[in-house]
Each structure stands twice: as structure tokens, then as C-alpha cells.
file target.tsv (TSV, C-alpha atoms)
chain	number	residue	atom	x	y	z
D	28	LEU	CA	118.70	-51.94	-25.00
D	29	MET	CA	119.35	-55.21	-23.20
D	30	ASN	CA	121.24	-53.37	-20.44
D	31	LEU	CA	118.24	-51.05	-19.98
D	32	THR	CA	115.91	-54.03	-19.70
D	33	ALA	CA	118.16	-55.62	-17.06
D	34	GLN	CA	118.41	-52.32	-15.17
D	35	LEU	CA	114.62	-51.91	-15.20
D	36	ARG	CA	114.11	-55.44	-13.91
D	37	ALA	CA	116.56	-54.70	-11.07
D	38	LEU	CA	114.76	-51.47	-10.09
D	39	ARG	CA	112.72	-51.79	-6.90
D	40	PRO	CA	109.71	-49.52	-7.56
D	41	TRP	CA	109.05	-46.89	-4.91
D	42	ASN	CA	105.25	-46.90	-5.23
D	43	PRO	CA	102.42	-48.38	-7.36
D	44	LYS	CA	102.76	-45.64	-10.01
D	45	GLU	CA	106.44	-46.41	-10.50
D	46	GLN	CA	105.64	-50.15	-10.57
D	47	ARG	CA	103.11	-49.63	-13.39
D	48	ASP	CA	105.41	-47.31	-15.33
D	49	ARG	CA	108.32	-49.75	-15.02
D	50	ASP	CA	106.17	-52.71	-16.08
D	51	THR	CA	104.80	-50.77	-19.07
D	52	LEU	CA	108.28	-49.70	-20.13
D	53	LEU	CA	109.53	-53.29	-19.86
D	54	ARG	CA	106.64	-54.52	-22.04
D	55	LEU	CA	107.37	-51.84	-24.66
D	56	LEU	CA	111.11	-52.65	-24.67
D	57	GLU	CA	110.47	-56.38	-24.95
D	58	ALA	CA	108.06	-55.76	-27.85
D	59	GLY	CA	110.56	-53.46	-29.59
D	60	GLN	CA	108.27	-50.45	-29.14
D	61	ALA	CA	110.45	-48.14	-27.03
D	62	PRO	CA	112.49	-46.27	-29.63
D	63	CYS	CA	115.52	-44.11	-28.84
D	64	GLY	CA	114.62	-41.53	-31.53
D	65	ARG	CA	112.08	-38.77	-31.01
D	66	GLU	CA	110.19	-39.36	-34.28
D	67	ASP	CA	107.90	-41.93	-32.61
D	68	PRO	CA	104.89	-40.91	-30.49
D	69	ALA	CA	106.47	-42.63	-27.46
D	70	HIS	CA	110.24	-42.50	-27.07
D	71	LEU	CA	113.01	-42.83	-24.51
D	72	THR	CA	114.30	-39.86	-22.54
D	73	ALA	CA	116.72	-39.55	-19.64
D	74	SER	CA	116.47	-37.16	-16.71
D	75	ALA	CA	118.70	-36.39	-13.76
D	76	TRP	CA	117.96	-35.53	-10.16
D	77	VAL	CA	121.18	-33.65	-9.41
D	78	ALA	CA	121.84	-33.55	-5.67
D	79	SER	CA	124.50	-31.87	-3.59
D	80	PRO	CA	126.88	-34.27	-1.78
D	81	ASP	CA	125.13	-33.52	1.54
D	82	ARG	CA	121.73	-34.36	-0.10
D	83	ARG	CA	120.24	-31.05	1.09
D	84	GLN	CA	119.96	-29.34	-2.31
D	85	VAL	CA	118.99	-30.22	-5.86
D	86	LEU	CA	119.70	-28.44	-9.13
D	87	LEU	CA	116.82	-27.20	-11.29
D	88	ALA	CA	116.56	-25.26	-14.53
D	89	TYR	CA	113.78	-22.83	-15.41
D	90	HIS	CA	112.49	-24.52	-18.56
D	91	ASN	CA	111.19	-22.05	-21.11
D	92	LEU	CA	108.88	-24.60	-22.76
D	93	TYR	CA	107.08	-25.54	-19.54
D	94	ASP	CA	107.40	-22.12	-17.88
D	95	SER	CA	108.49	-23.87	-14.70
D	96	TRP	CA	111.48	-24.88	-12.64
D	97	ALA	CA	112.22	-28.50	-13.50
D	98	TRP	CA	114.80	-31.27	-13.45
D	99	LEU	CA	117.36	-31.56	-16.24
D	100	GLY	CA	117.34	-34.11	-19.01
D	101	GLY	CA	116.43	-34.78	-22.59
D	102	HIS	CA	115.90	-37.09	-25.53
D	103	ALA	CA	118.01	-40.18	-26.14
D	104	ASP	CA	118.26	-39.25	-29.85
D	105	GLY	CA	119.54	-42.69	-30.80
D	106	GLU	CA	121.86	-43.10	-27.80
D	107	ARG	CA	121.25	-46.38	-25.98
D	108	ASP	CA	123.24	-45.55	-22.84
D	109	LEU	CA	120.70	-43.45	-20.94
D	110	LEU	CA	123.08	-42.63	-18.08
D	111	SER	CA	125.37	-41.00	-20.68
D	112	VAL	CA	122.35	-39.09	-22.02
D	113	ALA	CA	121.50	-37.80	-18.53
D	114	LEU	CA	125.10	-36.73	-17.89
D	115	ARG	CA	125.35	-35.00	-21.29
D	116	GLU	CA	122.05	-33.17	-20.80
D	117	VAL	CA	123.03	-31.90	-17.34
D	118	ARG	CA	126.33	-30.59	-18.69
D	119	GLU	CA	124.63	-28.94	-21.68
D	120	GLU	CA	121.71	-27.45	-19.75
D	121	SER	CA	123.59	-26.27	-16.65
D	122	GLY	CA	127.17	-25.69	-17.72
D	123	LEU	CA	128.37	-27.94	-14.90
D	124	GLU	CA	131.63	-29.59	-15.84
D	125	GLU	CA	131.95	-31.92	-12.85
D	126	VAL	CA	128.86	-34.07	-12.42
D	127	ARG	CA	128.95	-37.75	-11.50
D	128	PRO	CA	126.51	-40.58	-10.95
D	129	VAL	CA	125.78	-41.43	-7.32
D	130	SER	CA	124.99	-44.89	-8.69
D	131	PRO	CA	125.02	-46.34	-12.22
D	132	ASP	CA	121.59	-47.84	-11.47
D	133	ILE	CA	118.28	-46.33	-12.51
D	134	TYR	CA	116.95	-44.01	-9.80
D	135	SER	CA	113.38	-43.65	-11.02
D	136	VAL	CA	111.08	-44.36	-13.96
D	137	GLU	CA	108.25	-42.21	-15.28
D	138	ILE	CA	105.96	-42.24	-18.29
D	139	LEU	CA	105.20	-38.58	-18.99
D	140	THR	CA	102.78	-36.83	-21.33
D	141	VAL	CA	104.05	-33.91	-23.38
D	142	ASP	CA	101.46	-31.62	-24.95
D	143	GLY	CA	101.85	-30.43	-28.53
D	144	HIS	CA	104.01	-27.31	-28.76
D	145	GLU	CA	106.17	-25.15	-30.99
D	146	LYS	CA	109.92	-25.74	-30.92
D	147	ARG	CA	112.29	-23.70	-33.05
D	148	GLY	CA	109.38	-22.56	-35.22
D	149	ARG	CA	108.10	-26.08	-35.86
D	150	TYR	CA	105.06	-27.84	-34.39
D	151	VAL	CA	105.79	-30.92	-32.28
D	152	SER	CA	102.79	-33.25	-31.81
D	153	SER	CA	101.73	-34.47	-28.37
D	154	HIS	CA	103.71	-37.53	-27.33
D	155	LEU	CA	104.97	-39.67	-24.43
D	156	HIS	CA	108.36	-39.60	-22.80
D	157	LEU	CA	109.39	-43.05	-21.58
D	158	ASN	CA	111.68	-41.52	-19.01
D	159	VAL	CA	114.49	-43.04	-16.98
D	160	THR	CA	115.96	-40.90	-14.19
D	161	PHE	CA	119.44	-41.15	-12.68
D	162	LEU	CA	120.70	-39.71	-9.41
D	163	LEU	CA	123.69	-37.49	-10.10
D	164	GLU	CA	125.83	-35.40	-7.78
D	165	ALA	CA	127.58	-32.07	-8.18
D	166	ASP	CA	129.10	-29.34	-6.04
D	167	PRO	CA	126.66	-26.45	-5.47
D	168	ALA	CA	129.65	-24.07	-5.40
D	169	ALA	CA	130.58	-24.94	-8.99
D	170	PRO	CA	129.57	-22.34	-11.58
D	171	VAL	CA	126.39	-22.91	-13.57
D	172	ARG	CA	124.98	-21.13	-16.62
D	173	ARG	CA	121.73	-21.22	-18.52
D	174	LYS	CA	121.24	-22.72	-21.98
D	175	ALA	CA	119.41	-19.86	-23.66
D	176	ASP	CA	117.47	-21.94	-26.19
D	177	GLU	CA	116.05	-24.19	-23.44
D	178	ASN	CA	116.12	-22.47	-20.06
D	179	SER	CA	116.30	-18.99	-18.62
D	180	ALA	CA	117.99	-19.87	-15.30
D	181	VAL	CA	119.75	-22.66	-13.41
D	182	ALA	CA	119.86	-22.74	-9.61
D	183	TRP	CA	120.21	-24.91	-6.52
D	184	PHE	CA	117.19	-25.32	-4.21
D	185	GLY	CA	116.57	-26.89	-0.83
D	186	LEU	CA	114.55	-30.10	-1.20
D	187	GLU	CA	111.18	-28.66	-0.21
D	188	GLU	CA	111.91	-25.43	-2.09
D	189	ALA	CA	112.55	-27.43	-5.25
D	190	VAL	CA	109.13	-29.07	-5.09
D	191	ALA	CA	107.45	-25.72	-4.38
D	192	ALA	CA	109.35	-23.99	-7.21
D	193	SER	CA	107.68	-26.19	-9.84
D	194	THR	CA	104.44	-24.81	-11.26
D	195	GLU	CA	103.39	-28.28	-12.44
D	196	PRO	CA	101.22	-29.91	-9.72
D	197	TRP	CA	101.65	-33.46	-11.09
D	198	PHE	CA	105.44	-33.11	-10.97
D	199	GLN	CA	105.29	-31.62	-7.47
D	200	SER	CA	103.17	-34.39	-5.95
D	201	ARG	CA	104.11	-37.45	-8.00
D	202	ILE	CA	107.65	-36.97	-9.22
D	203	TYR	CA	109.78	-34.39	-7.39
D	204	SER	CA	108.44	-35.38	-3.96
D	205	LYS	CA	109.23	-39.03	-4.77
D	206	LEU	CA	112.73	-38.18	-6.01
D	207	ASN	CA	113.43	-36.28	-2.80
D	208	ALA	CA	112.07	-39.11	-0.63
D	209	LYS	CA	114.31	-41.60	-2.42
D	210	LEU	CA	117.39	-39.55	-1.47
D	211	ALA	CA	117.19	-41.18	1.97
D	212	LEU	CA	118.45	-44.38	0.31
D	213	PHE	CA	121.70	-42.64	-0.61
D	214	PRO	CA	123.52	-41.33	2.49
D	215	PRO	CA	125.20	-37.93	2.22
D	216	VAL	CA	128.88	-37.64	1.48
D	217	VAL	CA	130.59	-35.66	4.24
call {"tool": "encode", "arguments": {"input": "target.tsv", "output": "C-alpha cells"}}
result
Amino acid sequence: LMNLTAQLRALRPWNPKEQRDRDTLLRLLEAGQAPCGREDPAHLTASAWVASPDRRQVLLAYHNLYDSWAWLGGHADGERDLLSVALREVREESGLEEVRPVSPDIYSVEILTVDGHEKRGRYVSSHLHLNVTFLLEADPAAPVRRKADENSAVAWFGLEEAVAASTEPWFQSRIYSKLNAKLALFPPVV
């Protein structure tokens, strides 16, 4: 996880929340307490903010577990290359075949709470996702499909529509709005 530590140190936090989350994640990594497996109460995950080349749309999935439109991503499950995790999860959850990183650098960092829930008939205790987000890009004209065991729909949204589509107020105000604002740092491809 040395590469992850270096990437986190290079990240310029967007706001005080991201600064605190980044600093906490660095402390956990340096203390060996940020595991890649999901058996620990705090573990690494990777998410993707998938934007259109013109930066006017983002891809969301309707997550069955959260009953909300949300970004795509998932557990590291032992994988140490979190960009690869984000790319894999987007392909699995959306059916997109052509998705690419806008940058290999970390786009955003979040420490997220996950309430206890049932998954595949088994109880999963409440835990923390030590989440690293990457900015990816895909063509909105490319076909997408849902992943029935995780989401019931996948669709492109305008930036403001994407924030409004989420039913999770914390994600609307603190995460998706920030991810959209950061898009200004990455000029559109025309």
C-alpha cells in the first residue's frame, strides 16, 4: 500500500472534511490498520465518479441496498491497486466495456459509515468504508446494463440532476456536490 500512501500524500484536499479524512486514512495506513479485506470493521473501498468526456453528465446506479441513485464502486477484497478496483467495479456494475481514468491520481477521499444490513441472506455488521475515489470517463452513448444482485438501473444524469437523484442528504451535500465541483479541474475533451 506504499503507492496508496504516496498518492494520498500528493492529494490536495478540496475542503476541511477531505483534509481530515485523508489525514485519518494516512494514519491508519501508516499504522497498518487500513486492511484491503472486508472482514475488518474499517476497510478500503474504491469508488468512481464516471463523467462524460464533455463533463456535463455522470453515471449513477440505483443501488438496491441503499434504495438510492449512487456512484459506482466496491470493496478492495485484497486488491491493493484501488484504481483497478474502481475500473473493475464500474465494468461489473454498469456493463460498460470502455471506461478509462481521466487521471491515475486519486480524485477524492471519504470515510463513510455503513449501517448493518442483510446481504445475500447474511447479516453484515455496521462498519466504515475507507474510500478512495477516482475520476473515470466513458461515452454516454455506450450501452449500459444493470447488475441485478446490486442495482436495479444504471443511467447518465446531468450534474445537478445526479445530486438531486440521490436520496441520501449527506451524499448530496458533502460528496456528490464536491465531486461535481472538482470536475472544473479537469477540462472537457472536445
call {"tool": "closest_residue", "arguments": {"input": "target.tsv", "among": "D:Asn178, D:Ser200, D:Ser135, D:Ser74", "to": "D:Leu35", "atoms": "all atoms listed in the file"}}
result
D:Ser135
call {"tool": "closest_residue", "arguments": {"input": "target.tsv", "among": "D:Tyr134, D:Tyr89, D:Phe184, D:Tyr150", "to": "D:Leu206", "atoms": "all atoms listed in the file"}}
result
D:Tyr134
call {"tool": "closest_residue", "arguments": {"input": "target.tsv", "among": "D:Tyr203, D:Phe198, D:Ala189, D:Ala175", "to": "D:Asn91", "atoms": "all atoms listed in the file"}}
result
D:Ala175
call {"tool": "closest_atom_pairs", "arguments": {"input": "target.tsv", "of": "stretch 44-115 of chain D", "to": "stretch 190-196 of chain D", "cutoff": "10 Å", "atoms": "all atoms listed in the file", "output": "tab-separated table"}}
result
residue	atom	partner	partner_atom	distance
D:Val85	CA	D:Val190	CA	10.0
D:Leu87	CA	D:Ala192	CA	9.1
D:Tyr89	CA	D:Ser193	CA	8.9
D:Tyr93	CA	D:Glu195	CA	8.5
D:Asp94	CA	D:Thr194	CA	7.7
D:Ser95	CA	D:Thr194	CA	5.4
D:Trp96	CA	D:Ser193	CA	4.9
D:Ala97	CA	D:Ser193	CA	6.3
D:Trp98	CA	D:Ser193	CA	9.5
call {"tool": "atom_distance", "arguments": {"input": "target.tsv", "atom1": "atom CA of D:Glu125", "atom2": "atom CA of D:Asn158"}}
result
23.3 Å
call {"tool": "closest_residue", "arguments": {"input": "target.tsv", "among": "D:Leu86, D:Asp67, D:Arg127, D:Arg47", "to": "D:Ala168", "atoms": "only C-alpha atoms"}}
result
D:Leu86
call {"tool": "residues_around", "arguments": {"input": "target.tsv", "residues": "D:Val159", "least_positions_apart": "2", "cutoff": "10 Å", "atoms": "only C-alpha atoms", "output": "list in words"}}
result
Leu31, Leu35, Arg49, Leu52, Leu71, Thr72, Ala73, Ser74, Ala75, Gly100, Leu109, Leu110, Ala113, Ile133, Tyr134, Ser135, Val136, Glu137, Ile138, His156, Leu157 and Phe161 of chain D
call {"tool": "closest_residue", "arguments": {"input": "target.tsv", "among": "D:Leu99, D:Leu92, D:Ile202, D:Ala37", "to": "D:Val77", "atoms": "all atoms listed in the file"}}
result
D:Leu99
call {"tool": "atom_distance", "arguments": {"input": "target.tsv", "atom1": "atom CA of D:Cys63", "atom2": "atom CA of D:Asp108"}}
result
9.9 Å
call {"tool": "closest_residue", "arguments": {"input": "target.tsv", "among": "D:Arg82, D:Glu177, D:Ala69, D:Leu139", "to": "D:Ala208", "atoms": "all atoms listed in the file"}}
result
D:Arg82
call {"tool": "atom_distance", "arguments": {"input": "target.tsv", "atom1": "atom CA of D:Lys44", "atom2": "atom CA of D:Ser204"}}
result
13.2 Å
call {"tool": "residues_around", "arguments": {"input": "target.tsv", "residues": "D:Gln84", "least_positions_apart": "3", "cutoff": "6 Å", "atoms": "all atoms listed in the file", "output": "PyMOL selection string"}}
result
chain D and resi 78-79+184-186
call {"tool": "build_atoms", "arguments": {"input": "target.tsv", "residues": "stretch 88-112 of chain D", "atoms": "N, CA and C atoms", "output": "PDB file, in the coordinates of the input"}}
result
ATOM      1  N   ALA D  88     116.469 -26.267 -13.469  1.00  0.00           N
ATOM      2  CA  ALA D  88     116.560 -25.260 -14.530  1.00  0.00           C
ATOM      3  C   ALA D  88     115.164 -24.700 -14.755  1.00  0.00           C
ATOM      4  N   TYR D  89     115.084 -23.422 -15.083  1.00  0.00           N
ATOM      5  CA  TYR D  89     113.780 -22.830 -15.410  1.00  0.00           C
ATOM      6  C   TYR D  89     113.539 -23.072 -16.894  1.00  0.00           C
ATOM      7  N   HIS D  90     112.735 -24.104 -17.185  1.00  0.00           N
ATOM      8  CA  HIS D  90     112.490 -24.520 -18.560  1.00  0.00           C
ATOM      9  C   HIS D  90     111.538 -23.558 -19.259  1.00  0.00           C
ATOM     10  N   ASN D  91     112.006 -22.992 -20.358  1.00  0.00           N
ATOM     11  CA  ASN D  91     111.190 -22.050 -21.110  1.00  0.00           C
ATOM     12  C   ASN D  91     109.918 -22.696 -21.648  1.00  0.00           C
ATOM     13  N   LEU D  92     110.018 -23.917 -22.160  1.00  0.00           N
ATOM     14  CA  LEU D  92     108.880 -24.600 -22.760  1.00  0.00           C
ATOM     15  C   LEU D  92     107.755 -24.827 -21.763  1.00  0.00           C
ATOM     16  N   TYR D  93     108.100 -25.219 -20.546  1.00  0.00           N
ATOM     17  CA  TYR D  93     107.080 -25.540 -19.540  1.00  0.00           C
ATOM     18  C   TYR D  93     106.795 -24.374 -18.602  1.00  0.00           C
ATOM     19  N   ASP D  94     107.566 -23.288 -18.735  1.00  0.00           N
ATOM     20  CA  ASP D  94     107.400 -22.120 -17.880  1.00  0.00           C
ATOM     21  C   ASP D  94     107.409 -22.525 -16.412  1.00  0.00           C
ATOM     22  N   SER D  95     108.405 -23.333 -16.051  1.00  0.00           N
ATOM     23  CA  SER D  95     108.490 -23.870 -14.700  1.00  0.00           C
ATOM     24  C   SER D  95     109.923 -24.285 -14.385  1.00  0.00           C
ATOM     25  N   TRP D  96     110.244 -24.267 -13.099  1.00  0.00           N
ATOM     26  CA  TRP D  96     111.480 -24.880 -12.640  1.00  0.00           C
ATOM     27  C   TRP D  96     111.309 -26.387 -12.768  1.00  0.00           C
ATOM     28  N   ALA D  97     112.340 -27.068 -13.249  1.00  0.00           N
ATOM     29  CA  ALA D  97     112.220 -28.500 -13.500  1.00  0.00           C
ATOM     30  C   ALA D  97     113.600 -29.160 -13.452  1.00  0.00           C
ATOM     31  N   TRP D  98     113.573 -30.484 -13.389  1.00  0.00           N
ATOM     32  CA  TRP D  98     114.800 -31.270 -13.450  1.00  0.00           C
ATOM     33  C   TRP D  98     115.459 -31.078 -14.804  1.00  0.00           C
ATOM     34  N   LEU D  99     116.626 -31.664 -14.979  1.00  0.00           N
ATOM     35  CA  LEU D  99     117.360 -31.560 -16.240  1.00  0.00           C
ATOM     36  C   LEU D  99     117.312 -32.909 -16.941  1.00  0.00           C
ATOM     37  N   GLY D 100     117.372 -32.872 -18.251  1.00  0.00           N
ATOM     38  CA  GLY D 100     117.340 -34.110 -19.010  1.00  0.00           C
ATOM     39  C   GLY D 100     116.936 -33.857 -20.443  1.00  0.00           C
ATOM     40  N   GLY D 101     116.817 -34.952 -21.200  1.00  0.00           N
ATOM     41  CA  GLY D 101     116.430 -34.780 -22.590  1.00  0.00           C
ATOM     42  C   GLY D 101     116.282 -36.089 -23.332  1.00  0.00           C
ATOM     43  N   HIS D 102     116.149 -35.952 -24.641  1.00  0.00           N
ATOM     44  CA  HIS D 102     115.900 -37.090 -25.530  1.00  0.00           C
ATOM     45  C   HIS D 102     117.143 -37.955 -25.713  1.00  0.00           C
ATOM     46  N   ALA D 103     116.906 -39.244 -25.884  1.00  0.00           N
ATOM     47  CA  ALA D 103     118.010 -40.180 -26.140  1.00  0.00           C
ATOM     48  C   ALA D 103     118.619 -39.925 -27.519  1.00  0.00           C
ATOM     49  N   ASP D 104     117.785 -39.548 -28.495  1.00  0.00           N
ATOM     50  CA  ASP D 104     118.260 -39.250 -29.850  1.00  0.00           C
ATOM     51  C   ASP D 104     119.196 -40.323 -30.398  1.00  0.00           C
ATOM     52  N   GLY D 105     118.782 -41.571 -30.260  1.00  0.00           N
ATOM     53  CA  GLY D 105     119.540 -42.690 -30.800  1.00  0.00           C
ATOM     54  C   GLY D 105     120.545 -43.300 -29.835  1.00  0.00           C
ATOM     55  N   GLU D 106     120.897 -42.587 -28.794  1.00  0.00           N
ATOM     56  CA  GLU D 106     121.860 -43.100 -27.800  1.00  0.00           C
ATOM     57  C   GLU D 106     121.175 -44.169 -26.950  1.00  0.00           C
ATOM     58  N   ARG D 107     121.835 -45.282 -26.753  1.00  0.00           N
ATOM     59  CA  ARG D 107     121.250 -46.380 -25.980  1.00  0.00           C
ATOM     60  C   ARG D 107     121.700 -46.381 -24.515  1.00  0.00           C
ATOM     61  N   ASP D 108     122.751 -45.647 -24.206  1.00  0.00           N
ATOM     62  CA  ASP D 108     123.240 -45.550 -22.840  1.00  0.00           C
ATOM     63  C   ASP D 108     122.574 -44.327 -22.191  1.00  0.00           C
ATOM     64  N   LEU D 109     121.488 -44.563 -21.466  1.00  0.00           N
ATOM     65  CA  LEU D 109     120.700 -43.450 -20.940  1.00  0.00           C
ATOM     66  C   LEU D 109     121.400 -42.709 -19.807  1.00  0.00           C
ATOM     67  N   LEU D 110     122.294 -43.351 -19.081  1.00  0.00           N
ATOM     68  CA  LEU D 110     123.080 -42.630 -18.080  1.00  0.00           C
ATOM     69  C   LEU D 110     123.959 -41.589 -18.787  1.00  0.00           C
ATOM     70  N   SER D 111     124.558 -41.957 -19.908  1.00  0.00           N
ATOM     71  CA  SER D 111     125.370 -41.000 -20.680  1.00  0.00           C
ATOM     72  C   SER D 111     124.508 -39.842 -21.171  1.00  0.00           C
ATOM     73  N   VAL D 112     123.268 -40.144 -21.577  1.00  0.00           N
ATOM     74  CA  VAL D 112     122.350 -39.090 -22.020  1.00  0.00           C
ATOM     75  C   VAL D 112     122.086 -38.125 -20.867  1.00  0.00           C
TER      76      VAL D 112
END
